[in-house]
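Pasting data-v8.cif here (mmCIF, C-alpha atoms and all ligand atoms):
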```cif
data_data
#
loop_
_atom_site.group_PDB
_atom_site.id
_atom_site.type_symbol
_atom_site.label_atom_id
_atom_site.label_comp_id
_atom_site.auth_asym_id
_atom_site.auth_seq_id
_atom_site.Cartn_x
_atom_site.Cartn_y
_atom_site.Cartn_z
ATOM 1 C CA MET A 1 0.000 0.000 0.000
ATOM 2 C CA LEU A 2 1.264 3.482 -0.833
ATOM 3 C CA ILE A 3 1.191 5.836 2.123
ATOM 4 C CA ILE A 4 2.497 8.748 0.070
ATOM 5 C CA ASN A 5 1.830 9.291 -3.604
ATOM 6 C CA ALA A 6 3.036 12.595 -5.031
ATOM 7 C CA GLN A 7 2.915 13.500 -8.727
ATOM 8 C CA ASN A 8 4.405 16.703 -10.128
ATOM 9 C CA ILE A 9 4.076 18.673 -6.932
ATOM 10 C CA GLY A 10 5.096 22.311 -6.797
ATOM 11 C CA TYR A 11 5.225 24.890 -4.047
ATOM 12 C CA THR A 12 6.341 28.533 -4.094
ATOM 13 C CA TRP A 13 6.423 30.526 -0.841
ATOM 14 C CA PRO A 14 4.387 33.741 -0.824
ATOM 15 C CA LYS A 15 6.394 36.743 -2.095
ATOM 16 C CA SER A 16 9.034 34.480 -3.614
ATOM 17 C CA ASP A 17 9.449 34.356 -7.395
ATOM 18 C CA THR A 18 11.202 30.992 -7.529
ATOM 19 C CA PRO A 19 9.624 27.695 -6.451
ATOM 20 C CA ALA A 20 10.962 26.098 -3.259
ATOM 21 C CA LEU A 21 9.850 22.672 -4.471
ATOM 22 C CA ASP A 22 9.224 21.040 -7.818
ATOM 23 C CA ILE A 23 9.116 17.247 -7.607
ATOM 24 C CA ALA A 24 8.156 14.970 -10.510
ATOM 25 C CA GLY A 25 7.201 11.937 -8.462
ATOM 26 C CA PHE A 26 7.586 10.536 -4.976
ATOM 27 C CA GLN A 27 6.023 7.315 -3.678
ATOM 28 C CA ILE A 28 6.529 5.674 -0.319
ATOM 29 C CA GLU A 29 5.141 2.305 0.696
ATOM 30 C CA HIS A 30 3.682 1.809 4.131
ATOM 31 C CA GLY A 31 6.138 0.640 6.791
ATOM 32 C CA ARG A 32 9.317 2.144 5.377
ATOM 33 C CA ALA A 33 11.766 4.346 7.287
ATOM 34 C CA LEU A 34 13.012 7.039 4.946
ATOM 35 C CA PHE A 35 15.931 9.373 5.508
ATOM 36 C CA LEU A 36 15.365 12.631 3.625
ATOM 37 C CA ARG A 37 18.764 14.223 3.375
ATOM 38 C CA GLY A 38 19.418 17.752 2.155
ATOM 39 C CA ALA A 39 21.471 20.840 2.844
ATOM 40 C CA SER A 40 20.001 23.873 4.550
ATOM 41 C CA GLY A 41 17.511 25.529 2.197
ATOM 42 C CA SER A 42 17.056 22.410 0.024
ATOM 43 C CA GLY A 43 13.344 22.255 0.887
ATOM 44 C CA LYS A 44 13.132 19.590 3.614
ATOM 45 C CA SER A 45 10.810 21.537 5.909
ATOM 46 C CA THR A 46 8.735 22.696 2.936
ATOM 47 C CA LEU A 47 8.243 19.091 1.806
ATOM 48 C CA LEU A 48 7.387 17.930 5.340
ATOM 49 C CA GLY A 49 4.885 20.817 5.616
ATOM 50 C CA LEU A 50 3.202 19.618 2.408
ATOM 51 C CA LEU A 51 3.149 16.001 3.643
ATOM 52 C CA ALA A 52 1.645 17.165 6.937
ATOM 53 C CA GLY A 53 -0.948 19.295 5.134
ATOM 54 C CA THR A 54 0.136 22.454 6.942
ATOM 55 C CA LEU A 55 1.152 23.724 3.481
ATOM 56 C CA ILE A 56 -0.891 22.960 0.364
ATOM 57 C CA VAL A 57 0.588 21.983 -2.998
ATOM 58 C CA GLN A 58 -0.047 24.621 -5.673
ATOM 59 C CA SER A 59 0.195 22.161 -8.547
ATOM 60 C CA GLY A 60 0.101 18.416 -9.032
ATOM 61 C CA SER A 61 -1.335 15.769 -6.759
ATOM 62 C CA LEU A 62 -0.336 14.763 -3.234
ATOM 63 C CA GLN A 63 -2.173 11.836 -1.688
ATOM 64 C CA ILE A 64 -1.592 10.528 1.797
ATOM 65 C CA LEU A 65 -3.330 7.181 2.363
ATOM 66 C CA ASP A 66 -5.279 7.738 -0.883
ATOM 67 C CA THR A 67 -6.593 11.093 0.356
ATOM 68 C CA GLU A 68 -5.857 14.183 -1.739
ATOM 69 C CA LEU A 69 -4.869 16.684 0.981
ATOM 70 C CA ALA A 70 -5.626 19.741 -1.175
ATOM 71 C CA SER A 71 -9.240 18.634 -1.634
ATOM 72 C CA LEU A 72 -9.987 18.599 2.122
ATOM 73 C CA SER A 73 -11.404 21.664 3.880
ATOM 74 C CA PRO A 74 -8.984 23.217 6.412
ATOM 75 C CA ARG A 75 -10.966 21.702 9.259
ATOM 76 C CA ASN A 76 -10.996 18.237 7.718
ATOM 77 C CA ARG A 77 -7.305 18.537 6.952
ATOM 78 C CA ASP A 78 -6.628 19.259 10.646
ATOM 79 C CA ARG A 79 -8.673 16.198 11.546
ATOM 80 C CA PHE A 80 -6.946 14.067 8.977
ATOM 81 C CA ARG A 81 -3.548 15.166 10.323
ATOM 82 C CA ALA A 82 -4.577 14.520 13.914
ATOM 83 C CA ASN A 83 -5.725 11.002 13.111
ATOM 84 C CA HIS A 84 -3.065 9.853 10.652
ATOM 85 C CA ILE A 85 0.103 11.933 10.977
ATOM 86 C CA GLY A 86 2.491 12.484 13.907
ATOM 87 C CA ILE A 87 5.084 15.245 13.792
ATOM 88 C CA VAL A 88 8.300 15.716 15.790
ATOM 89 C CA PHE A 89 9.748 19.201 15.329
ATOM 90 C CA GLN A 90 13.319 20.393 15.642
ATOM 91 C CA LYS A 91 12.611 22.303 18.839
ATOM 92 C CA PHE A 92 9.914 19.861 20.003
ATOM 93 C CA ASN A 93 7.307 22.688 20.224
ATOM 94 C CA LEU A 94 5.680 21.509 23.435
ATOM 95 C CA ILE A 95 3.248 24.025 24.928
ATOM 96 C CA PRO A 96 5.448 25.359 27.764
ATOM 97 C CA PHE A 97 2.759 26.298 30.301
ATOM 98 C CA LEU A 98 0.840 23.011 29.998
ATOM 99 C CA THR A 99 1.729 19.848 31.860
ATOM 100 C CA VAL A 100 2.912 16.807 29.938
ATOM 101 C CA GLU A 101 -0.595 15.394 30.310
ATOM 102 C CA GLY A 102 -2.028 18.659 28.939
ATOM 103 C CA ASN A 103 0.281 18.491 25.940
ATOM 104 C CA LEU A 104 -0.711 14.892 25.206
ATOM 105 C CA ARG A 105 -4.430 15.638 25.643
ATOM 106 C CA LEU A 106 -4.209 18.602 23.316
ATOM 107 C CA ALA A 107 -2.611 16.401 20.663
ATOM 108 C CA ALA A 108 -5.424 13.873 21.096
ATOM 109 C CA ARG A 109 -8.279 16.391 20.927
ATOM 110 C CA PHE A 110 -9.425 15.355 17.455
ATOM 111 C CA SER A 111 -8.981 11.673 18.121
ATOM 112 C CA GLU A 112 -11.911 9.368 17.498
ATOM 113 C CA LYS A 113 -10.694 7.097 20.294
ATOM 114 C CA PRO A 114 -12.337 7.160 23.745
ATOM 115 C CA PRO A 115 -10.423 9.003 26.531
ATOM 116 C CA ARG A 116 -9.680 5.692 28.278
ATOM 117 C CA LYS A 117 -7.807 4.432 25.201
ATOM 118 C CA ILE A 118 -5.833 7.670 25.016
ATOM 119 C CA ARG A 119 -4.855 7.347 28.699
ATOM 120 C CA GLU A 120 -3.743 3.751 28.164
ATOM 121 C CA LYS A 121 -1.796 4.751 25.106
ATOM 122 C CA SER A 122 0.010 7.602 26.899
ATOM 123 C CA GLU A 123 0.959 5.312 29.814
ATOM 124 C CA HIS A 124 2.246 2.732 27.385
ATOM 125 C CA LEU A 125 4.275 5.301 25.432
ATOM 126 C CA LEU A 126 5.800 6.876 28.548
ATOM 127 C CA ALA A 127 6.872 3.444 29.776
ATOM 128 C CA ALA A 128 8.395 2.587 26.396
ATOM 129 C CA LEU A 129 10.260 5.907 26.498
ATOM 130 C CA ASN A 130 11.617 5.272 30.026
ATOM 131 C CA LEU A 131 9.603 8.091 31.567
ATOM 132 C CA ASP A 132 7.950 7.732 34.963
ATOM 133 C CA SER A 133 4.208 8.418 34.856
ATOM 134 C CA ALA A 134 4.733 11.155 37.501
ATOM 135 C CA ILE A 135 6.040 13.260 34.633
ATOM 136 C CA LEU A 136 2.447 13.677 33.380
ATOM 137 C CA GLN A 137 1.881 16.344 36.050
ATOM 138 C CA ARG A 138 5.056 18.332 35.305
ATOM 139 C CA ARG A 139 4.962 21.514 33.237
ATOM 140 C CA ALA A 140 6.643 21.118 29.859
ATOM 141 C CA ASP A 141 8.946 24.097 30.504
ATOM 142 C CA ARG A 142 10.320 22.383 33.621
ATOM 143 C CA LEU A 143 11.607 19.343 31.739
ATOM 144 C CA SER A 144 15.171 18.571 30.715
ATOM 145 C CA VAL A 145 15.919 18.577 26.990
ATOM 146 C CA GLY A 146 16.088 14.761 27.010
ATOM 147 C CA GLN A 147 12.675 14.559 28.694
ATOM 148 C CA GLN A 148 11.209 17.100 26.255
ATOM 149 C CA GLN A 149 12.422 14.995 23.344
ATOM 150 C CA ARG A 150 10.792 11.878 24.679
ATOM 151 C CA VAL A 151 7.539 13.689 25.448
ATOM 152 C CA ALA A 152 7.629 15.073 21.880
ATOM 153 C CA ILE A 153 7.849 11.502 20.543
ATOM 154 C CA ALA A 154 4.997 10.413 22.822
ATOM 155 C CA ARG A 155 2.900 13.345 21.587
ATOM 156 C CA ALA A 156 3.601 12.485 17.953
ATOM 157 C CA LEU A 157 2.533 8.864 18.490
ATOM 158 C CA ILE A 158 -0.432 9.383 20.835
ATOM 159 C CA ASN A 159 -3.007 8.993 18.038
ATOM 160 C CA ASP A 160 -1.338 5.895 16.532
ATOM 161 C CA PRO A 161 -0.460 7.680 13.284
ATOM 162 C CA GLU A 162 0.318 5.694 10.144
ATOM 163 C CA LEU A 163 2.862 8.369 9.186
ATOM 164 C CA LEU A 164 5.496 9.900 11.456
ATOM 165 C CA LEU A 165 7.322 13.011 10.213
ATOM 166 C CA ALA A 166 10.475 14.241 11.965
ATOM 167 C CA ASP A 167 12.128 17.533 11.014
ATOM 168 C CA GLU A 168 15.755 17.599 12.242
ATOM 169 C CA PRO A 169 14.892 16.655 15.820
ATOM 170 C CA THR A 170 18.547 15.914 16.562
ATOM 171 C CA SER A 171 20.224 19.075 15.320
ATOM 172 C CA ALA A 172 20.657 20.642 18.759
ATOM 173 C CA LEU A 173 22.017 17.473 20.403
ATOM 174 C CA ASP A 174 25.545 16.297 21.109
ATOM 175 C CA THR A 175 26.653 12.964 19.623
ATOM 176 C CA ASP A 176 25.864 10.777 22.639
ATOM 177 C CA THR A 177 22.411 12.209 23.267
ATOM 178 C CA ARG A 178 21.720 12.006 19.546
ATOM 179 C CA ASP A 179 22.546 8.293 19.379
ATOM 180 C CA THR A 180 20.381 7.575 22.407
ATOM 181 C CA PHE A 181 17.523 9.577 20.892
ATOM 182 C CA MET A 182 17.831 7.804 17.523
ATOM 183 C CA SER A 183 17.871 4.324 19.088
ATOM 184 C CA LEU A 184 14.806 5.159 21.137
ATOM 185 C CA LEU A 185 12.983 6.675 18.164
ATOM 186 C CA MET A 186 13.727 3.677 15.941
ATOM 187 C CA SER A 187 12.743 1.097 18.550
ATOM 188 C CA ILE A 188 9.448 2.805 19.314
ATOM 189 C CA ARG A 189 8.758 3.115 15.600
ATOM 190 C CA ASP A 190 9.278 -0.634 15.173
ATOM 191 C CA VAL A 191 6.641 -1.276 17.811
ATOM 192 C CA SER A 192 4.175 1.290 16.443
ATOM 193 C CA ASN A 193 4.677 -0.010 12.908
ATOM 194 C CA CYS A 194 4.322 3.366 11.243
ATOM 195 C CA THR A 195 5.998 4.796 8.178
ATOM 196 C CA MET A 196 8.638 7.372 9.071
ATOM 197 C CA ILE A 197 10.109 10.265 7.130
ATOM 198 C CA PHE A 198 13.062 11.828 8.902
ATOM 199 C CA ALA A 199 14.669 14.977 7.482
ATOM 200 C CA SER A 200 18.216 16.038 8.312
ATOM 201 C CA HIS A 201 21.401 17.369 6.769
ATOM 202 C CA ASP A 202 23.425 14.951 8.921
ATOM 203 C CA ARG A 203 24.700 12.040 6.780
ATOM 204 C CA SER A 204 25.819 10.049 9.812
ATOM 205 C CA LEU A 205 22.157 9.329 10.645
ATOM 206 C CA ALA A 206 21.541 7.432 7.379
ATOM 207 C CA LYS A 207 22.520 4.133 9.000
ATOM 208 C CA TYR A 208 19.277 4.037 10.972
ATOM 209 C CA PHE A 209 17.037 3.976 7.867
ATOM 210 C CA ASP A 210 15.984 1.542 5.089
ATOM 211 C CA ILE A 211 15.933 4.168 2.341
ATOM 212 C CA GLU A 212 17.768 7.423 1.811
ATOM 213 C CA ILE A 213 16.692 10.171 -0.555
ATOM 214 C CA GLU A 214 18.913 13.115 -1.390
ATOM 215 C CA LEU A 215 16.387 15.929 -1.750
ATOM 216 C CA SER A 216 18.438 17.896 -4.289
ATOM 217 C CA LYS A 217 18.146 14.889 -6.669
ATOM 218 C CA LEU A 218 14.372 14.874 -6.310
ATOM 219 C CA ASN A 219 13.742 18.598 -6.192
ATOM 220 C CA ARG A 220 14.020 20.134 -9.656
ATOM 221 C CA ALA A 221 13.647 23.613 -8.146
ATOM 222 C CA GLN A 222 17.038 23.130 -6.492
ATOM 223 C CA ALA A 223 18.705 21.369 -9.428
ATOM 224 C CA GLU A 224 20.886 24.324 -10.430
ATOM 225 C CA GLU A 225 22.335 24.792 -6.963
ATOM 226 C CA ALA A 226 22.810 21.041 -6.556
ATOM 227 C CA SER A 227 24.825 20.811 -9.776
ATOM 228 C CA LEU A 228 27.276 23.353 -8.406
ATOM 229 C CA VAL A 229 28.147 21.143 -5.440
HETATM 230 N N1 LIG A 301 8.278 30.857 5.647
HETATM 231 C C1 LIG A 301 8.959 31.036 4.505
HETATM 232 N N2 LIG A 301 8.739 32.108 3.709
HETATM 233 C C2 LIG A 301 9.397 32.292 2.567
HETATM 234 N N3 LIG A 301 10.335 31.435 2.084
HETATM 235 C C3 LIG A 301 10.618 30.344 2.823
HETATM 236 C C4 LIG A 301 9.944 30.087 4.073
HETATM 237 N N4 LIG A 301 10.436 28.921 4.576
HETATM 238 C C5 LIG A 301 11.345 28.486 3.684
HETATM 239 N N5 LIG A 301 11.467 29.322 2.640
HETATM 240 C C6 LIG A 301 12.368 29.154 1.462
HETATM 241 O O1 LIG A 301 12.123 27.882 0.846
HETATM 242 C C7 LIG A 301 13.350 27.218 0.513
HETATM 243 C C8 LIG A 301 13.398 25.879 1.209
HETATM 244 O O2 LIG A 301 13.427 26.098 2.619
HETATM 245 P P1 LIG A 301 13.213 24.945 3.713
HETATM 246 O O3 LIG A 301 12.975 25.613 5.010
HETATM 247 O O4 LIG A 301 12.184 23.996 3.210
HETATM 248 O O5 LIG A 301 14.660 24.236 3.684
HETATM 249 P P2 LIG A 301 15.270 23.167 4.677
HETATM 250 O O6 LIG A 301 15.887 22.101 3.828
HETATM 251 O O7 LIG A 301 14.274 22.740 5.683
HETATM 252 O O8 LIG A 301 16.435 24.007 5.392
HETATM 253 P P3 LIG A 301 17.030 23.858 6.895
HETATM 254 O O9 LIG A 301 17.946 22.642 6.876
HETATM 255 O O10 LIG A 301 17.800 25.130 7.074
HETATM 256 O O11 LIG A 301 15.889 23.717 7.851
HETATM 257 C C9 LIG A 301 14.468 28.178 0.908
HETATM 258 O O12 LIG A 301 14.867 28.873 -0.245
HETATM 259 C C10 LIG A 301 13.824 29.101 1.922
HETATM 260 O O13 LIG A 301 14.399 30.385 1.867
HETATM 261 MG MG MG A 302 14.156 22.895 7.760
#
```
Let me see the structure of the file written as structure tokens.
Ligand SMILES: Nc1ncnc2c1ncn2[C@@H]1O[C@H](COP(=O)(O)OP(=O)(O)OP(=O)(O)O)[C@@H](O)[C@H]1O
Ligand SMILES: [Mg+2]
Amino acid sequence: MLIINAQNIGYTWPKSDTPALDIAGFQIEHGRALFLRGASGSGKSTLLGLLAGTLIVQSGSLQILDTELASLSPRNRDRFRANHIGIVFQKFNLIPFLTVEGNLRLAARFSEKPPRKIREKSEHLLAALNLDSAILQRRADRLSVGQQQRVAIARALINDPELLLADEPTSALDTDTRDTFMSLLMSIRDVSNCTMIFASHDRSLAKYFDIEIELSKLNRAQAEEASLV
């Protein structure tokens, strides 16, 4: 089954006269772990934004799980994202003044699952991430960076998404913390059985993934710059 099916997708940022992305085709089967490698400015975050439906393709077709994201209303797109897509951001983006429980609940607000299932799922995730359940009552801005990372993974997986998107979540970490984070992320992904797209400029992370795509080879909008390298 294809989880992502993109054909001739293009995106130009407002007030820019050159496209940030122009991709002829991009298909990912369910269950794969893809490393999306690219230099700064190559379009990684733009592509992840399109896959998440926070940005909308301006040409071509982008289907996630056979759903054309551009054809959904904004509200239905938010719902679709909440139920099928988990996102881990570079700076984790937890809501600082909410507790961990508050952050997880907020992420689950569009879920079709009953609250009991969500509670069970969050307990299960925290245990898998080596976090004591007492952390649920702590404010997000009182957590260590390592704890924030793990809570960010729990938040991304709380709704059992089929697709997990990660945008350079390791860029601020030193080598040891990064390896620990990657091992944890990969082991929890194995258990949750979701497709993962992980964007980074850091080649040394490729070893964790089944497939690697160099974005400058895919993105025709960046082809000129890429040929200079
Ligand atoms: N909010 C924005 N408004 C206008 N242009 C943008 C915006 N975000 C990105 N761009 C432009 O789109 C292109 C791709 O940027 P993008 O952020 O997708 O790259 P990236 O690969 O994620 O880079 P980085 O590794 O630095 O995060 C760049 O030319 C950038 O200047
Ligand atoms: Mg980026």
Please expand the PyMOL selection byres (((chain A and resi 171-179) around 12) and not hetatm) into the concrete residues it hits in this file, giving the result as an mmCIF file with C-alpha atoms, in the frame of the given file.
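Listed below is the output, result35.cif:
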```cif
data_model
loop_
_atom_site.group_PDB
_atom_site.id
_atom_site.type_symbol
_atom_site.label_atom_id
_atom_site.label_comp_id
_atom_site.auth_asym_id
_atom_site.auth_seq_id
_atom_site.Cartn_x
_atom_site.Cartn_y
_atom_site.Cartn_z
ATOM 1 C CA SER A 40 20.001 23.873 4.550
ATOM 2 C CA PHE A 89 9.748 19.201 15.329
ATOM 3 C CA GLN A 90 13.319 20.393 15.642
ATOM 4 C CA LYS A 91 12.611 22.303 18.839
ATOM 5 C CA PHE A 92 9.914 19.861 20.003
ATOM 6 C CA VAL A 145 15.919 18.577 26.990
ATOM 7 C CA GLY A 146 16.088 14.761 27.010
ATOM 8 C CA GLN A 147 12.675 14.559 28.694
ATOM 9 C CA GLN A 149 12.422 14.995 23.344
ATOM 10 C CA ARG A 150 10.792 11.878 24.679
ATOM 11 C CA ALA A 166 10.475 14.241 11.965
ATOM 12 C CA ASP A 167 12.128 17.533 11.014
ATOM 13 C CA GLU A 168 15.755 17.599 12.242
ATOM 14 C CA PRO A 169 14.892 16.655 15.820
ATOM 15 C CA THR A 170 18.547 15.914 16.562
ATOM 16 C CA THR A 180 20.381 7.575 22.407
ATOM 17 C CA PHE A 181 17.523 9.577 20.892
ATOM 18 C CA MET A 182 17.831 7.804 17.523
ATOM 19 C CA SER A 183 17.871 4.324 19.088
ATOM 20 C CA LEU A 184 14.806 5.159 21.137
ATOM 21 C CA LEU A 185 12.983 6.675 18.164
ATOM 22 C CA MET A 186 13.727 3.677 15.941
ATOM 23 C CA ALA A 199 14.669 14.977 7.482
ATOM 24 C CA SER A 200 18.216 16.038 8.312
ATOM 25 C CA HIS A 201 21.401 17.369 6.769
ATOM 26 C CA ASP A 202 23.425 14.951 8.921
ATOM 27 C CA ARG A 203 24.700 12.040 6.780
ATOM 28 C CA SER A 204 25.819 10.049 9.812
ATOM 29 C CA LEU A 205 22.157 9.329 10.645
ATOM 30 C CA LYS A 207 22.520 4.133 9.000
ATOM 31 C CA TYR A 208 19.277 4.037 10.972
#
```
query = Smallest atom-to-atom distance to ligand MG 302 (chain A): which of A:Tyr11, A:Phe198, A:Phe26, A:Phe97, using all atoms listed in the file?
reply = A:Phe198
key: Cut-off 8 Å, only C-alpha atoms and all ligand atoms, neighbours of ligand LIG 301 (chain A) as a list in words   = Thr12, Trp13, Pro14, Lys15, Ser16, Pro19, Ala20, Leu21, Gly38, Ala39, Ser40, Gly41, Ser42, Gly43, Lys44, Ser45, Thr46, Leu47, Asp167, Glu168, Ala199, Ser200 and His201 of chain A
Write out, as a compact mmCIF listing (two decimals), keeping the file's coordinate frame, the residues just selected, with C-alpha atoms.
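See selection.txt below for the written result:
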```
# COMPACT_ATOMS: atom_id res chain seq x y z
CA THR A 12 6.34 28.53 -4.09
CA TRP A 13 6.42 30.53 -0.84
CA PRO A 14 4.39 33.74 -0.82
CA LYS A 15 6.39 36.74 -2.10
CA SER A 16 9.03 34.48 -3.61
CA PRO A 19 9.62 27.70 -6.45
CA ALA A 20 10.96 26.10 -3.26
CA LEU A 21 9.85 22.67 -4.47
CA GLY A 38 19.42 17.75 2.15
CA ALA A 39 21.47 20.84 2.84
CA SER A 40 20.00 23.87 4.55
CA GLY A 41 17.51 25.53 2.20
CA SER A 42 17.06 22.41 0.02
CA GLY A 43 13.34 22.26 0.89
CA LYS A 44 13.13 19.59 3.61
CA SER A 45 10.81 21.54 5.91
CA THR A 46 8.74 22.70 2.94
CA LEU A 47 8.24 19.09 1.81
CA ASP A 167 12.13 17.53 11.01
CA GLU A 168 15.76 17.60 12.24
CA ALA A 199 14.67 14.98 7.48
CA SER A 200 18.22 16.04 8.31
CA HIS A 201 21.40 17.37 6.77
```
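Counting all atoms listed in the file, the residue from A:Leu164, A:Ile3, A:Leu215, A:Leu72 that sits nearest to ligand MG 302 (chain A) is A:Leu215.
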request  = Take the PyMOL selection byres (((chain A and resi 59-66) around 6) and not hetatm), apply it to the structure above, and return the hits as a PyMOL selection string.
outcome  = chain A and resi 3-10+57-58+67-68
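Comparing the minimum interatomic distances between Pro161 (chain A) and each of A:Ile118, A:Thr195, A:Leu51, A:Ile135, counting only C-alpha atoms, we find that A:Thr195 sits nearest.
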Residue contacts of Gln137 (chain A) (9 Å, all atoms listed in the file) excluding same-chain residues fewer than 3 positions away, as a list of chain:residue names = A:Thr99, A:Val100, A:Glu101, A:Gly102, A:Ser133, A:Ala134
key: Coordinates-based distance that separates CA of Gly31 (chain A) from CA of Asn193 (chain A) (Å, one decimal)   = 6.3 Å
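Between CA of Glu214 (chain A) and CA of Leu165 (chain A) the interatomic distance comes to 16.4 Å.
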inquiry  = I want to know what sits within 10 Å of Ile85 (chain A), based on all atoms listed in the file, with residues of the same chain fewer than 3 positions away left out; could you give that as an NGL selection string?
reply    = :A and (51-53 or 64 or 78-82 or 156-157 or 159-165 or 194-196)
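Residue nearest Leu98 (chain A), chosen from A:Leu143, A:Leu2, A:Phe209, A:Ile188 and counting only C-alpha atoms: A:Leu143.
Between CA of Gly86 (chain A) and CA of Ala154 (chain A) the separation is 9.5 Å.
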Decode the PyMOL selection byres (((chain A and resi 107) around 8) and not hetatm) for the given file into explicit residues and return them as an mmCIF file with C-alpha atoms, in the coordinates of the input.
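Writing done, so here's part-v2.cif:
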```cif
data_model
loop_
_atom_site.group_PDB
_atom_site.id
_atom_site.type_symbol
_atom_site.label_atom_id
_atom_site.label_comp_id
_atom_site.auth_asym_id
_atom_site.auth_seq_id
_atom_site.Cartn_x
_atom_site.Cartn_y
_atom_site.Cartn_z
ATOM 1 C CA ALA A 82 -4.577 14.520 13.914
ATOM 2 C CA ASN A 103 0.281 18.491 25.940
ATOM 3 C CA LEU A 104 -0.711 14.892 25.206
ATOM 4 C CA ARG A 105 -4.430 15.638 25.643
ATOM 5 C CA LEU A 106 -4.209 18.602 23.316
ATOM 6 C CA ALA A 108 -5.424 13.873 21.096
ATOM 7 C CA ARG A 109 -8.279 16.391 20.927
ATOM 8 C CA PHE A 110 -9.425 15.355 17.455
ATOM 9 C CA ARG A 155 2.900 13.345 21.587
ATOM 10 C CA ALA A 156 3.601 12.485 17.953
ATOM 11 C CA ILE A 158 -0.432 9.383 20.835
ATOM 12 C CA ASN A 159 -3.007 8.993 18.038
#
```
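Using all atoms listed in the file, the shortest contact distance between Ala206 (chain A) and any of A:Arg189, A:Arg37, A:Lys117, A:Arg75 is found at A:Arg37.
Of the residues under consideration (A:Ile213, A:Leu125, A:Arg138, A:Leu131), A:Leu125 shows the shortest atom-to-atom contact distance to Ser187 (chain A) when counting only C-alpha atoms.
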